[in-house]
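Enquirer: Just passing along the structure, written as structure tokens.
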Amino acid sequence: MMVDVQKMEQFAENLAAQEEVQGRSLFADARRRFFKNKAAVVSLIVLCCVFAFSMFGHMIAVWPNDEMDWGILGQIAELGAPSIENGHYFGVDELGRDLFARVVQGTQISLMVGIVGALIAVIVGTLYGAIAGYTGGKVDNVMMRIVDILQSIPYMFVLILLLVVFGRSIFMLFVGIGLISWLDMSRIARGQTLTLKNKEFVEAAMATGVKPLTIILRHIVPNLLGVVVVYSTLLVPQMILTESFISFLGLGVQEPNTSWGALIAEGAGTMQYGTLWQLAFPMFFFIISLFSFFFIGDGLRDALDPKDQ
Amino acid sequence: MSTKEPILSVRDMRVEFKIKKQNALPWQKPDILRAVKGVSFDLAAGETLGIVGESGCGKSTLARAIIRMIPSQGGEVFWQGRDLMKMNEKELLGIRKEIQMIFQDPLASLNPRLTAGQIIAEPLKTHYPNTSKDEVKKRVRELMEKVGLSGRMINRYPHEFSGGQCQRIGIARALITNPKMIICDEPVSALDVSVQAQVVNLLMDLQKELGLSLLFIAHDLSVVKHISNRIMVLEFGDIAELGEAHEVINNPQSPYTRELINAVPIPDPIAERKRIAERRALEASA
Ligand SMILES: Nc1ncnc2c1ncn2[C@@H]1O[C@H](COP(=O)(O)OP(=O)(O)OP(=O)(O)O)[C@@H](O)[C@H]1O
Ligand SMILES: [Mg+2]
């Protein structure tokens with residue numbers, strides 16, 4: 001009987017390929033350590049719930065977020081309290097709109113602002129800082145002076161000015177937050193790059209003639225990720241806070257859109273009428289989310305810290 | 001050996017660093033540190049030149065200046081007759097394929113985020129970007145076997161290897177483009193003594209097999225004399241002595257070399273046996 005040599009070879013090769021030992025990356029190690037941290041894991045679960053709430057909350061909601069309940073309007077303090085019977089799980093706001101649906105909507109926008117702001121910071125800030133740090137010399141000097149200048153502008157003032165001049169829109173909010181959020185990140189990334197640049201593996205890549213951009217993307221940025229990930233989990237709540245503050249001032253998102261900050265502002269404004277739930281529900285989501293982000297950031301920092309390994 | 005045309009000749013290499021004084025005002029002139037002060041030598045094909053000298057005498061700086069990783073303040077480097085210092089980036093890239101480097105700290109010279117396979121493949125992918133994936137993998141495995149690593153470890157990360165294994169990965173990375181010369185910057189200083197011998201022997205075997213020229217840097221003589229044909233002793237950026245290995249070891253001309261030799265515990269089995277016998281006698285009489 002003839003043995004199909006080619007097939008056998010293929011088989012042997014497949015076997016050999018299978019035998020390859022799967023390595024454990026540093027991230028895998030860090031993941032294991034992260035999941036040992038209870039506070040971080042609980043926070044992660046809470047945050048996932050908040051996410052799920054913002055994604056799927058509108059399916060549970062009995063009322064749409066833009067419809068007034070005419071039966072309650074005028075007697076909100078008496079009839080508008082949270083109740084299962086009439087479908088207003090979180091009660092209604094001062095215009096008779098379902099607060100549950102409004103909180104879902106506000107959570108969506110606040111999380112989006114936080115995450116988009118942090119993403120801009122991560123992408124722009126990391127690349128900018130890594131390029132400045134790696135190139136060094138005059139380029140580095142100029143690039144970092146630009147950051148200095150941008151950072152010395154009172155950004156809240158600029159943000160408010162932007163929103164007033166160009167009109168209030170979510171897009172302008174993103175532009176404004178995106179403009180400032182990456183500055184700190186670029187400094188952190190640059191500092192780390194300066195240390196990485198002197199590591200021998202970067203030198204090895206330079207010695208074989210790997211292109212500078214490839215070195216930055218392949219050798220520098222992946223080794224920055226630890227710091228970047230931790231910082232960005234702390235950046236998300238910071239972005240949310242900024243947006244909330246602006247919305248609280250009445251300059252952020254515009255009706256019919258809303259956010260945690262806008263909802264809290266409304267709730268605080270009507271507190272005197274005894275409709276405390278209007279403040280309590282948005283506040284609750286706001287606080288548990290911020291705490292979760294901070295705990296997760298903390299857990300990540302511990303997990304990624306090479307000193308503990 | 002040195003009758004052949006040298007593959008590398010370095011002429012009057014000088015490297016200076018500007019050191020800013022602490023709290024210096026911007027218009028103050030920085031101090032100049034002359035790390036390499038006019039070094040010249042030749043290296044023949046297939047030859048090993050050991051470079052020794054104490055820490056901070058400019059060995060690494062010299063090596064880096066030769067392959068233009070740092071700027072030099074003067075001097076010429078001829079690689080197979082062509083002046084490296086006058087080449088443009090593109091020509092230089094062609095040379096980088098032929099001159100590879102091995103580093104001191106085995107773990108630090110490997111990117112912790114890449115697998116052994118990715119690390120070893122990098123020079124190949126840089127210089128032959130059109131190589132197919134399978135081809136790259138085949139080459140990587142071939143080289144891993146060559147330096148004494150199992151090809152099965154291709155997907156492991158550097159922190160999962162021992163120091164000696166990491167250095168073998170570094171050697172495989174240096175060999176993958178079929179270089180003509182390898183600069184070894186203290187390749188065994190960070191390793192255990194037993195592992196040092198293995199790595200040095202591996203380098204010697206590879207050199208014989210592939211006809212490599214080696215620039216072998218170390219800070220002590222005991223390693224260098226084992227592997228080198230000739231030895232160059234550096235003293236604060238200057239050549240203190242340059243000659244055949246056994247000449248330099250057995251008949252050192254410069255006082256600096258003599259000091260270096262005295263600093264190394266040279267194994268002497270007869271003296272050692274005598275010392276042990278004396279101690280036994282002492283213990284027996286006590
Ligand atoms: N980038 C740099 N900037 C300023 N000074 C430097 C720089 N690199 C090296 N030096 C200095 O140049 C001198 C020679 O350093 P080099 O690294 O070449 O020493 P070495 O002989 O390789 O020492 P070792 O055995 O410790 O590796 C040292 O005094 C060092 O401080
Ligand atoms: Mg050195």
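Residue numbering restarts at 1 in every chain; chains get A, B, ... in the order shown in the structure tokens, and ligands count up from 1 in that same order.
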Residues up to 10 Å from ligand 2, counting only C-alpha atoms and all ligand atoms: could you list those as a PyMOL selection string?
Expert: chain B and resi 53-64+103-104+185-186+217-219
Enquirer: As a PyMOL selection string, please: every residue in range 111-280 of chain A that DSSP puts in helix (DSSP H, G or I).
Expert: chain A and resi 111-135+137-152+155-165+170-197+200-208+212-248+260-269+271-273+277-280
Enquirer: Contacts of Val39 in chain B at 10 Å or less, counting only C-alpha atoms, minus same-chain residues fewer than 2 places along, as a list in words?
Expert: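 Neighbouring residues, sequence-local ones excluded: Val10, Arg11, Asp12, Met13, Arg14, Val15, Val36, Lys37, Phe41, Leu62, Gly75, Leu234, Gly237, Asp238 and Ile239 of chain B.
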Enquirer: Give me the residues within 9 Å of Ile160 in chain A as a VMD selection string, counting only C-alpha atoms and dropping any in the same chain fewer than 2 places off.
Expert: chain A and resid 155 to 158 162 to 165 176 246 251 to 252
Enquirer: Within 10 Å of chain A, which residues belong to chain B? Use only C-alpha atoms and report them as a count of residues only.
Expert: 53
Enquirer: Please identify all polymer residues within 12 Å of Ala197 in chain B, counting only C-alpha atoms, omitting same-chain residues fewer than 2 positions from it, and present them as an NGL selection string.
Expert: :B and (164 or 187-189 or 191-195 or 199-204 or 222-224 or 226-227)
